[in-house]
$ cat run_16.txt   # compact mmCIF, C-alpha atoms
# COMPACT_ATOMS: atom_id res chain seq x y z
CA MET A 1 -22.93 5.73 -25.35
CA SER A 2 -25.35 3.65 -23.31
CA GLY A 3 -27.73 3.18 -26.23
CA ASP A 4 -25.19 2.26 -28.90
CA PRO A 5 -25.34 -1.50 -29.44
CA ASP A 6 -22.29 -1.48 -31.75
CA LEU A 7 -20.17 0.07 -29.05
CA TRP A 8 -21.18 -2.51 -26.46
CA GLU A 9 -20.58 -5.26 -28.99
CA ILE A 10 -17.02 -3.94 -29.46
CA VAL A 11 -16.55 -3.89 -25.67
CA GLY A 12 -17.91 -7.44 -25.50
CA ILE A 13 -15.51 -8.68 -28.21
CA SER A 14 -12.59 -7.07 -26.36
CA PHE A 15 -13.42 -8.83 -23.12
CA GLN A 16 -14.18 -12.13 -24.82
CA VAL A 17 -10.91 -12.21 -26.77
CA SER A 18 -8.65 -10.95 -23.96
CA GLY A 19 -10.42 -13.02 -21.29
CA THR A 20 -10.00 -16.19 -23.36
CA ALA A 21 -6.33 -15.39 -24.01
CA ILE A 22 -5.69 -14.96 -20.27
CA LEU A 23 -7.56 -18.17 -19.40
CA ILE A 24 -5.53 -20.13 -21.96
CA SER A 25 -2.16 -18.60 -21.00
CA ALA A 26 -2.50 -18.61 -17.22
CA PRO A 27 -2.19 -22.37 -16.49
CA ALA A 28 0.82 -22.76 -18.81
CA ALA A 29 2.46 -19.62 -17.41
CA LEU A 30 1.84 -20.82 -13.86
CA LEU A 31 3.58 -24.14 -14.50
CA ILE A 32 6.51 -22.52 -16.33
CA ALA A 33 6.93 -19.89 -13.58
CA PHE A 34 6.83 -22.60 -10.90
CA SER A 35 9.38 -24.75 -12.77
CA LEU A 36 11.72 -21.80 -13.20
CA ALA A 37 11.49 -20.97 -9.50
CA TYR A 38 11.76 -24.49 -8.03
CA PHE A 39 13.75 -26.67 -10.42
CA ASN A 40 17.32 -26.30 -11.55
CA PHE A 41 17.68 -27.57 -15.11
CA PRO A 42 20.02 -26.79 -18.01
CA GLY A 43 18.96 -23.60 -19.81
CA ARG A 44 16.95 -22.27 -16.87
CA ARG A 45 18.78 -18.96 -16.73
CA ALA A 46 18.58 -18.57 -20.52
CA LEU A 47 14.80 -19.13 -20.33
CA ILE A 48 14.42 -16.52 -17.59
CA SER A 49 16.40 -14.04 -19.72
CA LEU A 50 14.29 -14.91 -22.76
CA PHE A 51 10.98 -14.28 -20.98
CA ASN A 52 12.31 -11.05 -19.47
CA THR A 53 13.34 -9.93 -22.97
CA LEU A 54 9.92 -10.84 -24.36
CA LEU A 55 8.35 -8.50 -21.76
CA SER A 56 9.36 -5.55 -23.90
CA PHE A 57 8.70 -7.22 -27.25
CA PRO A 58 6.67 -4.78 -29.43
CA ALA A 59 3.06 -5.91 -29.94
CA VAL A 60 3.21 -5.03 -33.60
CA VAL A 61 6.16 -7.38 -34.14
CA VAL A 62 4.25 -10.18 -32.41
CA GLY A 63 1.35 -9.36 -34.76
CA LEU A 64 3.67 -9.51 -37.76
CA ILE A 65 5.07 -12.92 -36.77
CA ILE A 66 1.60 -14.38 -36.11
CA TYR A 67 0.39 -12.85 -39.40
CA ILE A 68 3.20 -14.56 -41.33
CA LEU A 69 2.49 -17.87 -39.60
CA LEU A 70 -1.28 -17.73 -40.24
CA SER A 71 -1.27 -16.22 -43.73
CA ASN A 72 -2.13 -18.43 -46.70
CA GLN A 73 1.56 -18.93 -47.54
CA GLY A 74 2.48 -19.49 -43.89
CA PRO A 75 2.99 -22.86 -42.18
CA LEU A 76 -0.37 -22.57 -40.38
CA GLY A 77 -2.25 -21.11 -43.35
CA ASN A 78 -4.38 -24.23 -43.82
CA PHE A 79 -6.19 -23.53 -40.57
CA ARG A 80 -7.64 -20.30 -42.09
CA LEU A 81 -7.40 -18.41 -38.81
CA LEU A 82 -6.20 -15.05 -40.10
CA PHE A 83 -8.68 -12.20 -39.46
CA THR A 84 -10.61 -14.23 -36.88
CA GLN A 85 -10.97 -13.89 -33.12
CA SER A 86 -8.87 -17.06 -32.80
CA ALA A 87 -5.94 -15.28 -34.44
CA MET A 88 -6.36 -12.37 -32.01
CA ILE A 89 -6.45 -14.81 -29.09
CA ILE A 90 -3.23 -16.48 -30.29
CA ALA A 91 -1.48 -13.11 -30.61
CA GLN A 92 -2.71 -11.97 -27.18
CA CYS A 93 -1.60 -15.27 -25.61
CA VAL A 94 1.90 -14.64 -26.95
CA LEU A 95 1.80 -11.08 -25.63
CA CYS A 96 0.61 -11.85 -22.09
CA LEU A 97 2.61 -15.04 -21.55
CA PRO A 98 5.92 -13.28 -20.73
CA ILE A 99 4.22 -10.95 -18.22
CA LEU A 100 2.44 -13.84 -16.52
CA ILE A 101 5.66 -15.88 -16.40
CA ALA A 102 7.91 -13.05 -15.20
CA MET A 103 5.51 -11.87 -12.48
CA GLY A 104 4.54 -15.44 -11.59
CA HIS A 105 8.21 -16.37 -11.30
CA ALA A 106 8.80 -13.42 -8.97
CA ALA A 107 5.78 -14.46 -6.90
CA PHE A 108 7.00 -18.07 -6.60
CA GLN A 109 10.49 -16.84 -5.71
CA SER A 110 9.00 -14.71 -2.95
CA ALA A 111 7.42 -17.82 -1.41
CA ASP A 112 9.27 -19.17 1.59
CA GLN A 113 11.28 -22.30 0.70
CA ARG A 114 10.08 -23.82 3.97
CA ALA A 115 6.48 -23.79 2.65
CA TRP A 116 7.33 -26.32 -0.08
CA GLU A 117 9.44 -28.45 2.26
CA THR A 118 6.80 -28.38 5.00
CA ALA A 119 4.07 -29.37 2.59
CA ARG A 120 6.13 -32.25 1.16
CA THR A 121 7.29 -33.47 4.55
CA LEU A 122 3.67 -33.44 5.78
CA GLY A 123 2.74 -35.95 3.10
CA LYS A 124 1.50 -33.69 0.30
CA SER A 125 2.14 -34.94 -3.23
CA PRO A 126 4.15 -32.60 -5.49
CA PHE A 127 0.85 -31.35 -6.97
CA GLY A 128 -0.67 -30.94 -3.50
CA ALA A 129 2.36 -28.96 -2.35
CA PHE A 130 2.19 -26.87 -5.54
CA SER A 131 -1.48 -26.07 -4.84
CA LEU A 132 -0.64 -25.02 -1.28
CA ILE A 133 2.12 -22.70 -2.53
CA VAL A 134 -0.25 -21.19 -5.13
CA LEU A 135 -2.68 -20.39 -2.31
CA GLU A 136 0.10 -18.85 -0.24
CA ILE A 137 1.15 -16.49 -3.05
CA ARG A 138 -2.29 -15.95 -4.57
CA PHE A 139 -2.10 -12.15 -4.31
CA GLY A 140 1.12 -12.02 -6.33
CA LEU A 141 -0.37 -14.35 -8.92
CA LEU A 142 -3.58 -12.31 -9.16
CA ALA A 143 -1.44 -9.21 -9.67
CA ALA A 144 0.25 -11.03 -12.57
CA LEU A 145 -3.15 -11.88 -14.09
CA PHE A 146 -4.39 -8.28 -13.86
CA SER A 147 -1.16 -6.95 -15.37
CA GLY A 148 -1.35 -9.43 -18.24
CA PHE A 149 -5.02 -8.63 -18.88
CA GLY A 150 -4.25 -4.89 -18.73
CA ARG A 151 -1.60 -5.27 -21.42
CA ILE A 152 -3.60 -7.28 -23.93
CA ILE A 153 -6.96 -5.53 -23.65
CA ALA A 154 -5.36 -2.20 -24.51
CA GLU A 155 -2.93 -3.29 -27.25
CA VAL A 156 -3.74 -2.29 -30.79
CA GLY A 157 -0.86 -3.44 -33.04
CA ALA A 158 -1.23 -7.22 -32.98
CA SER A 159 -5.05 -7.17 -32.90
CA MET A 160 -5.19 -4.86 -35.89
CA MET A 161 -2.75 -6.97 -37.93
CA VAL A 162 -4.13 -10.46 -37.28
CA GLY A 163 -7.76 -9.52 -36.56
CA GLY A 164 -8.28 -7.09 -39.41
CA ASN A 165 -10.64 -4.80 -37.43
CA ILE A 166 -13.80 -6.35 -38.95
CA LEU A 167 -17.04 -4.97 -37.48
CA HIS A 168 -19.09 -7.53 -35.51
CA HIS A 169 -16.19 -9.99 -35.68
CA THR A 170 -12.74 -8.76 -34.75
CA ARG A 171 -13.20 -5.08 -33.93
CA ASN A 172 -12.19 -4.54 -30.33
CA ILE A 173 -11.84 -1.35 -28.27
CA PRO A 174 -8.29 -0.29 -29.29
CA THR A 175 -8.74 -1.03 -33.00
CA ALA A 176 -12.12 0.74 -32.97
CA ILE A 177 -10.57 3.83 -31.35
CA ALA A 178 -7.86 3.88 -34.03
CA LEU A 179 -10.47 3.60 -36.79
CA GLU A 180 -12.92 6.17 -35.39
CA THR A 181 -10.10 8.66 -34.85
CA SER A 182 -8.86 8.23 -38.42
CA LYS A 183 -12.43 8.89 -39.64
CA GLY A 184 -12.65 12.04 -37.51
CA ASN A 185 -15.43 10.49 -35.38
CA PHE A 186 -13.96 11.63 -32.10
CA SER A 187 -17.08 11.19 -29.94
CA GLN A 188 -17.15 7.43 -30.59
CA GLY A 189 -13.38 7.23 -30.05
CA ILE A 190 -13.63 9.16 -26.77
CA ALA A 191 -16.50 6.97 -25.57
CA LEU A 192 -14.44 3.84 -26.18
CA GLY A 193 -11.39 5.54 -24.69
CA ILE A 194 -13.37 6.20 -21.50
CA VAL A 195 -14.18 2.49 -21.28
CA LEU A 196 -10.47 1.65 -21.55
CA VAL A 197 -9.44 4.33 -19.03
CA VAL A 198 -12.06 3.18 -16.51
CA LEU A 199 -10.94 -0.41 -17.06
CA ALA A 200 -7.27 0.54 -16.59
CA PHE A 201 -8.19 2.41 -13.41
CA VAL A 202 -10.15 -0.54 -12.00
CA LEU A 203 -7.37 -2.98 -12.91
CA ASN A 204 -4.77 -0.78 -11.24
CA LEU A 205 -6.91 -0.47 -8.14
CA LEU A 206 -7.22 -4.26 -7.98
CA LEU A 207 -3.50 -4.63 -8.70
CA GLN A 208 -2.56 -2.32 -5.85
CA HIS A 209 -5.06 -4.00 -3.57
CA PHE A 210 -3.61 -7.45 -4.20
CA GLN A 211 0.04 -6.38 -4.27
CA GLY A 212 -0.45 -4.60 -0.97
CA ARG A 213 -2.10 -7.57 0.75
CA GLY A 214 0.10 -9.48 3.15
CA LYS A 215 3.03 -7.14 2.73
CA LEU A 216 3.26 -4.25 5.14
CA ALA A 217 6.55 -2.41 5.29
CA LEU A 218 6.11 -1.45 8.94
CA MET B 1 19.75 -56.98 6.35
CA ILE B 2 18.66 -54.35 8.86
CA SER B 3 15.91 -54.80 11.45
CA SER B 4 12.29 -53.88 10.69
CA GLY B 5 11.65 -50.16 10.55
CA SER B 6 15.32 -49.31 10.77
CA VAL B 7 16.95 -47.09 8.20
CA SER B 8 20.62 -47.14 7.42
CA PHE B 9 22.46 -44.33 5.64
CA THR B 10 25.88 -45.06 4.18
CA ALA B 11 28.67 -43.01 2.58
CA ILE B 12 26.89 -39.66 2.88
CA SER B 13 29.03 -36.85 1.53
CA HIS B 14 28.08 -33.31 0.73
CA SER B 15 29.79 -30.06 -0.19
CA PHE B 16 28.55 -26.57 -0.88
CA GLY B 17 30.81 -25.46 -3.71
CA SER B 18 34.35 -26.13 -2.57
CA ARG B 19 33.33 -26.20 1.09
CA LYS B 20 33.09 -29.75 2.39
CA ILE B 21 30.26 -30.30 4.90
CA LEU B 22 29.87 -34.07 5.29
CA ASP B 23 32.48 -36.66 4.34
CA ASN B 24 31.58 -40.29 3.85
CA LEU B 25 29.60 -40.64 7.07
CA SER B 26 27.14 -43.39 7.95
CA ILE B 27 24.32 -43.60 10.45
CA ASP B 28 21.80 -46.25 11.46
CA LEU B 29 18.43 -45.19 12.86
CA GLU B 30 15.83 -47.18 14.76
CA PRO B 31 12.18 -46.30 15.48
CA GLY B 32 11.53 -45.34 19.09
CA LYS B 33 15.11 -44.19 19.69
CA VAL B 34 16.02 -40.62 20.42
CA VAL B 35 19.31 -39.48 18.95
CA LEU B 36 20.76 -36.15 19.96
CA LEU B 37 22.91 -34.59 17.28
CA SER B 38 25.28 -31.89 18.46
CA GLY B 39 28.00 -29.89 16.82
CA GLU B 40 29.24 -26.38 16.36
CA ASN B 41 27.41 -23.84 14.22
CA GLY B 42 28.09 -24.63 10.58
CA SER B 43 29.20 -28.19 11.32
CA GLY B 44 26.50 -29.56 8.98
CA LYS B 45 23.74 -30.64 11.38
CA THR B 46 20.96 -29.05 9.33
CA THR B 47 22.47 -30.33 6.08
CA LEU B 48 22.56 -33.87 7.47
CA LEU B 49 18.95 -33.70 8.70
CA ARG B 50 17.75 -32.37 5.33
CA ILE B 51 19.55 -35.20 3.53
CA LEU B 52 17.99 -37.79 5.88
CA ALA B 53 14.55 -36.25 5.24
CA GLY B 54 14.90 -36.56 1.46
CA LEU B 55 14.88 -32.79 0.99
CA LEU B 56 18.53 -32.24 -0.01
CA LYS B 57 20.35 -34.41 -2.51
CA PRO B 58 23.81 -35.35 -1.19
CA ASP B 59 26.82 -35.57 -3.50
CA THR B 60 26.98 -39.27 -2.66
CA GLY B 61 24.90 -41.43 -0.36
CA TYR B 62 23.15 -44.77 -0.08
CA VAL B 63 20.11 -45.76 1.93
CA ASP B 64 18.85 -49.12 3.19
CA THR B 65 15.24 -49.06 4.33
CA GLY B 66 14.99 -52.84 4.47
CA SER B 67 14.98 -53.63 0.77
CA GLY B 68 18.69 -53.47 0.09
CA LEU B 69 21.11 -50.64 -0.32
CA LEU B 70 19.78 -48.10 -2.84
CA SER B 71 21.11 -44.77 -3.99
CA TRP B 72 19.74 -41.75 -2.12
CA ARG B 73 17.90 -40.65 -5.27
CA LYS B 74 16.08 -43.98 -5.59
CA SER B 75 15.20 -43.90 -1.88
CA ARG B 76 14.00 -40.31 -1.88
CA ALA B 77 10.25 -41.05 -2.08
CA LYS B 78 10.55 -43.48 0.82
CA LEU B 79 12.55 -40.99 2.86
CA ILE B 80 9.95 -38.27 2.30
CA SER B 81 7.18 -40.59 3.49
CA ASN B 82 9.14 -42.00 6.45
CA PHE B 83 10.74 -38.82 7.77
CA ILE B 84 9.27 -35.50 8.83
CA TYR B 85 11.69 -32.63 9.01
CA LEU B 86 10.79 -29.79 11.37
CA HIS B 87 12.53 -26.50 10.64
CA GLN B 88 14.25 -24.51 13.38
CA THR B 89 11.64 -21.81 12.74
CA PRO B 90 8.53 -23.74 11.72
CA TYR B 91 6.65 -22.54 8.65
CA MET B 92 3.05 -21.62 9.34
CA PHE B 93 0.69 -21.58 6.41
CA GLU B 94 -1.75 -18.71 6.14
CA GLY B 95 -4.90 -19.22 8.14
CA SER B 96 -5.85 -20.60 11.50
CA VAL B 97 -4.11 -23.18 13.66
CA TYR B 98 -6.95 -25.55 12.71
CA ARG B 99 -6.16 -25.14 8.99
CA ASN B 100 -2.44 -25.65 9.60
CA LEU B 101 -3.16 -28.92 11.35
CA SER B 102 -5.67 -30.01 8.70
CA ILE B 103 -2.89 -29.92 6.11
CA ALA B 104 -1.32 -32.93 7.82
CA THR B 105 -4.52 -35.00 7.60
CA SER B 106 -4.68 -35.53 3.84
CA CYS B 107 -4.49 -39.29 4.31
CA VAL B 108 -7.44 -39.35 6.77
CA ARG B 109 -10.76 -40.14 5.09
CA GLY B 110 -13.96 -38.25 5.88
CA TYR B 111 -14.52 -34.72 7.13
CA GLU B 112 -15.60 -35.76 10.64
CA ASN B 113 -12.61 -38.07 11.05
CA ARG B 114 -10.24 -35.32 9.94
CA LYS B 115 -11.89 -32.82 12.27
CA ASN B 116 -11.66 -35.20 15.22
CA ARG B 117 -8.00 -35.95 14.48
CA VAL B 118 -7.19 -32.24 14.32
CA LEU B 119 -9.01 -31.58 17.60
CA ASP B 120 -7.14 -34.49 19.21
CA ALA B 121 -3.86 -33.04 17.95
CA MET B 122 -4.71 -29.63 19.42
CA GLU B 123 -5.39 -31.20 22.77
CA TRP B 124 -2.23 -33.30 22.51
CA ALA B 125 -0.13 -30.20 21.82
CA MET B 126 -1.83 -28.03 24.47
CA LEU B 127 -3.22 -25.72 21.79
CA GLY B 128 -6.88 -26.05 22.74
CA GLY B 129 -7.52 -22.32 23.09
CA HIS B 130 -5.92 -21.39 19.78
CA ARG B 131 -8.15 -23.21 17.29
CA PHE B 132 -9.17 -20.07 15.38
CA ALA B 133 -6.01 -18.06 16.02
CA GLU B 134 -3.96 -16.96 12.99
CA ALA B 135 -1.04 -19.39 13.08
CA LYS B 136 1.49 -16.82 11.85
CA THR B 137 0.73 -14.59 14.84
CA LEU B 138 1.51 -17.26 17.46
CA SER B 139 4.64 -17.11 19.60
CA GLY B 140 7.71 -19.16 18.65
CA GLY B 141 6.90 -21.79 21.27
CA GLN B 142 3.29 -22.10 20.15
CA GLN B 143 4.35 -22.39 16.50
CA GLN B 144 6.78 -25.15 17.45
CA ARG B 145 3.89 -26.99 19.17
CA VAL B 146 1.73 -26.59 16.03
CA SER B 147 4.63 -28.03 14.07
CA LEU B 148 4.94 -30.98 16.45
CA ALA B 149 1.17 -31.53 16.35
CA ARG B 150 1.32 -31.67 12.54
CA ALA B 151 4.06 -34.29 12.81
CA TRP B 152 2.05 -36.22 15.42
CA LEU B 153 -0.94 -36.29 13.06
CA ARG B 154 1.18 -37.94 10.38
CA GLN B 155 2.65 -40.55 12.77
CA PRO B 156 5.83 -41.09 10.73
CA PRO B 157 8.51 -43.61 11.77
CA TYR B 158 10.97 -40.74 12.26
CA ILE B 159 10.86 -37.04 13.07
CA LEU B 160 13.93 -34.86 12.51
CA LEU B 161 14.01 -31.76 14.67
CA ASP B 162 16.33 -28.88 13.92
CA GLU B 163 17.07 -26.92 17.11
CA PRO B 164 13.53 -27.39 18.46
CA THR B 165 14.06 -25.23 21.56
CA ALA B 166 16.22 -22.49 20.06
CA ASN B 167 15.16 -18.94 20.99
CA MET B 168 12.53 -20.19 23.45
CA ASP B 169 11.93 -19.18 27.04
CA SER B 170 12.24 -21.92 29.64
CA LYS B 171 8.48 -22.46 29.91
CA SER B 172 8.03 -22.94 26.16
CA ALA B 173 11.11 -25.16 26.03
CA ARG B 174 9.68 -27.31 28.85
CA ARG B 175 6.37 -27.74 27.00
CA THR B 176 8.21 -28.69 23.81
CA LEU B 177 10.25 -31.26 25.73
CA GLN B 178 7.03 -32.71 27.20
CA LEU B 179 5.70 -33.23 23.68
CA LEU B 180 8.96 -34.82 22.56
CA GLU B 181 8.74 -37.19 25.53
CA LYS B 182 5.20 -38.14 24.47
CA LEU B 183 6.38 -38.70 20.88
CA LYS B 184 9.16 -40.97 22.12
CA HIS B 185 6.58 -43.19 23.80
CA THR B 186 4.65 -43.63 20.55
CA ASN B 187 7.64 -45.51 19.07
CA ILE B 188 8.61 -42.64 16.79
CA GLY B 189 12.34 -42.23 16.24
CA LEU B 190 13.53 -38.71 17.01
CA ILE B 191 16.73 -37.18 15.73
CA ILE B 192 17.24 -33.87 17.48
CA SER B 193 19.86 -31.39 16.45
CA SER B 194 20.70 -28.95 19.21
CA HIS B 195 23.54 -27.01 20.69
CA ILE B 196 21.73 -26.93 24.09
CA GLN B 197 22.63 -30.51 24.93
CA HIS B 198 21.66 -30.58 28.60
CA GLN B 199 17.99 -29.96 27.74
CA PHE B 200 17.80 -33.37 26.07
CA ASP B 201 19.89 -35.40 28.53
CA SER B 202 16.93 -37.26 29.98
CA LEU B 203 15.35 -37.80 26.56
CA ALA B 204 18.23 -38.95 24.36
CA ASP B 205 19.26 -42.59 24.01
CA ASP B 206 22.31 -41.82 21.91
CA HIS B 207 24.35 -38.69 21.59
CA LEU B 208 26.21 -38.09 18.33
CA GLU B 209 28.57 -35.26 17.59
CA LEU B 210 29.17 -33.91 14.11
CA LYS B 211 32.74 -32.71 13.93
CA ASP B 212 35.27 -32.46 11.11
CA PHE B 213 32.64 -33.69 8.60
CA GLN B 214 32.19 -36.95 10.56
CA LEU B 215 29.85 -38.39 13.21
CA SER B 216 31.13 -39.79 16.48
CA PHE B 217 29.41 -41.18 19.58
CA LEU B 218 29.38 -39.18 22.80
CA ASN B 219 28.09 -40.62 26.08
CA ALA B 220 26.04 -43.39 24.54
CA ARG B 221 23.74 -44.50 27.33
CA GLN B 222 22.33 -47.44 25.44
CA PHE B 223 24.51 -48.31 22.53
CA SER B 224 22.20 -49.49 19.80
CA GLY B 225 23.30 -48.12 16.50
CA ASN B 226 26.60 -48.06 14.82
CA VAL B 227 28.46 -45.19 13.27
CA THR B 228 30.92 -46.43 10.76
CA PRO B 229 32.71 -44.79 7.87
CA ILE B 230 31.16 -47.09 5.27
CA SER B 231 29.64 -50.56 5.24
CA ARG B 232 31.64 -52.22 2.46
CA ASP B 233 29.94 -55.58 2.95
CA ARG B 234 26.58 -54.19 1.79
CA GLU B 235 25.62 -54.77 -1.79
CA ILE B 236 24.50 -51.66 -3.58
CA VAL B 237 21.34 -52.25 -5.63
$ encode --input "run_16.txt" --output "structure tokens"
Amino acid sequence: MSGDPDLWEIVGISFQVSGTAILISAPAALLIAFSLAYFNFPGRRALISLFNTLLSFPAVVVGLIIYILLSNQGPLGNFRLLFTQSAMIIAQCVLCLPILIAMGHAAFQSADQRAWETARTLGKSPFGAFSLIVLEIRFGLLAALFSGFGRIIAEVGASMMVGGNILHHTRNIPTAIALETSKGNFSQGIALGIVLVVLAFVLNLLLQHFQGRGKLAL
Amino acid sequence: MISSGSVSFTAISHSFGSRKILDNLSIDLEPGKVVLLSGENGSGKTTLLRILAGLLKPDTGYVDTGSGLLSWRKSRAKLISNFIYLHQTPYMFEGSVYRNLSIATSCVRGYENRKNRVLDAMEWAMLGGHRFAEAKTLSGGQQQRVSLARAWLRQPPYILLDEPTANMDSKSARRTLQLLEKLKHTNIGLIISSHIQHQFDSLADDHLELKDFQLSFLNARQFSGNVTPISRDREIV
């Protein structure tokens, strides 16, 4: 495993695509989660329900929708993004956004209302107060990031459909496992599977670490 | 026109659902004056203070900060910059007492200046030995002093205090009162809501009672403000 450059390239593509998707989604998700938690506006409850529903949206359906949008006949076909890493990033953004928003919303709701009021009354601008609150609930927000990353790095449906599983370009860990298994090349599939399992284990350890911080039942 | 630094609130009404809390009340505030606000639990003291601080939008209400009578919504930014509202249980941000005080120095330029201001505030609030202490682990009385020191650092025209000595032992309450006395002498207007009225007898200039959704004067030692249902002669901008 250690000497197989193709395998490490696949691992690299996985991290590059999923890492970019998280970096793009996180700021938007943070602002949406904050707005849902702190501002009362028409349609707020409907939006919360929508994002909670999207949490369980099948990855393959997201892949199908993005595929239709990016295909030659689709409204975004002119951009020629289908079967590129950009298409995978778009699909993974759509997949992780609801998790980031739902968990971020819960984190902002858990923040003490007095924190916002104290920050504002002490002369902080709305953005300054927002930054202070983000620092106060950073462990909850980090947990949201790890959960979102955990979902998209291991999903196969959307990546396969919009990425096309092209070696050196769009083949990531889950699509490579699916391919190697279908070819009967189990050793390669198991090696990649171990990478995913170790990653899942590390992410869960970090998740538990951050979720446990600052909250002690007794 | 109201005098310089004074703030006048008119026709403040607020309800929570069908439950009326404040009904068309008015209040004039002056810097350097201490107003004690009393009333039974649930009479609307906290609601009124939060409206004055710009934190809670009333159903109706107008504010005159010297530039004519404006709606509460239009005056909100000015209220937030002119008033500091201190919660009954102050909120302590994560980190040390020093960090908590630093948060109130965002308008002070330069690291050394900010540091000196924070150290001055710690001395002012008798918190000298707690610079590196985790603020959340302090006692209620010490947290109240951190809260007052944060307000002192900002030097606002008005500080609104919600039950500042509630759940405190007599020693902590005495220290808090000492700080309030010092604040009074810096020409900061204090509006103190409390059900322990005797603690503030020597401090308060005016004593208002909130009862039946309205404000009324009690034992005004130096009558300076007015409490009227609504100033109809004022032009609303």
$ residues_around --input "run_16.txt" --residues "Pro27 in chain A" --least-positions-apart "5" --cutoff "12 Å" --atoms "only C-alpha atoms" --output "list of chain:residue names"
A:Ala21, A:Ile22, A:Ile32, A:Ala33, A:Phe34, A:Cys93, A:Leu97, A:Leu100, A:Ile101, A:Gly104, A:Val134, A:Leu141, A:Leu145
$ closest_atom_pairs --input "run_16.txt" --of "range 124-219 of chain B" --to "range 36-41 of chain B" --cutoff "7 Å" --atoms "only C-alpha atoms" --output "tab-separated table"
residue	atom	partner	partner_atom	distance
B:Ile191	CA	B:Leu36	CA	5.9
B:Ile192	CA	B:Leu36	CA	4.9
B:Ser193	CA	B:Leu37	CA	4.5
B:Ser194	CA	B:Ser38	CA	5.5
B:His195	CA	B:Ser38	CA	5.6
B:Ala204	CA	B:Leu36	CA	5.8
B:Asp206	CA	B:Leu36	CA	6.2
B:His207	CA	B:Leu36	CA	4.7
B:Leu208	CA	B:Leu37	CA	4.9
B:Glu209	CA	B:Ser38	CA	4.8
B:Leu210	CA	B:Gly39	CA	5.0
B:Lys211	CA	B:Gly39	CA	6.2
$ interface_residues --input "run_16.txt" --of "chain B" --to "chain A" --cutoff "6 Å" --atoms "all atoms listed in the file" --output "PyMOL selection string"
chain B and resi 80+84+91+104
$ residues_around --input "run_16.txt" --residues "Ala144 in chain A" --least-positions-apart "5" --cutoff "12 Å" --atoms "only C-alpha atoms" --output "number ranges by chain"
A: 22, 25-26, 29-30, 33, 96-108, 137-139, 149-151, 203-204, 206-208, 210-211
$ closest_residue --input "run_16.txt" --among "B:Ala173, B:Leu180, B:Ala11, B:Leu101" --to "Pro58 in chain B" --atoms "only C-alpha atoms"
B:Ala11
$ axis_aligned_box --input "run_16.txt" --around "range 83-88 of chain B" --padding-each-side "5 Å" --output "JSON"
{"center_x": 11.8, "center_y": -31.7, "center_z": 10.6, "size_x": 15.0, "size_y": 24.3, "size_z": 15.6}
$ closest_residue --input "run_16.txt" --among "A:Val197, A:Gly140, A:Ile153, A:Glu9" --to "Ser110 in chain A" --atoms "all atoms listed in the file"
A:Gly140
$ residues_around --input "run_16.txt" --residues "Leu22 in chain B" --least-positions-apart "2" --cutoff "9 Å" --atoms "only C-alpha atoms" --output "JSON, numbers by chain"
{"B": [12, 13, 14, 15, 20, 24, 25, 43, 44, 47, 48, 58, 210, 212, 213, 214]}
$ residues_near_point --input "run_16.txt" --point "(14.1, -27.6, -7.2)" --cutoff "10 Å" --atoms "only C-alpha atoms" --output "PyMOL selection string"
(chain A and resi 34-41+113+116) or (chain B and resi 55-56)
$ write_last_selection --input "run_16.txt" --atoms "C-alpha atoms" --output "tab-separated table (two decimals), keeping the file's coordinate frame"
chain	number	residue	atom	x	y	z
A	34	PHE	CA	6.83	-22.60	-10.90
A	35	SER	CA	9.38	-24.75	-12.77
A	36	LEU	CA	11.72	-21.80	-13.20
A	37	ALA	CA	11.49	-20.97	-9.50
A	38	TYR	CA	11.76	-24.49	-8.03
A	39	PHE	CA	13.75	-26.67	-10.42
A	40	ASN	CA	17.32	-26.30	-11.55
A	41	PHE	CA	17.68	-27.57	-15.11
A	113	GLN	CA	11.28	-22.30	0.70
A	116	TRP	CA	7.33	-26.32	-0.08
B	55	LEU	CA	14.88	-32.79	0.99
B	56	LEU	CA	18.53	-32.24	-0.01
$ atom_distance --input "run_16.txt" --atom1 "CA of Leu81 in chain A" --atom2 "CA of Gly163 in chain A"
9.2 Å
$ atom_distance --input "run_16.txt" --atom1 "CA of Leu69 in chain A" --atom2 "CA of Thr170 in chain A"
18.4 Å
$ atom_distance --input "run_16.txt" --atom1 "CA of Glu181 in chain B" --atom2 "CA of Asn167 in chain B"
19.9 Å
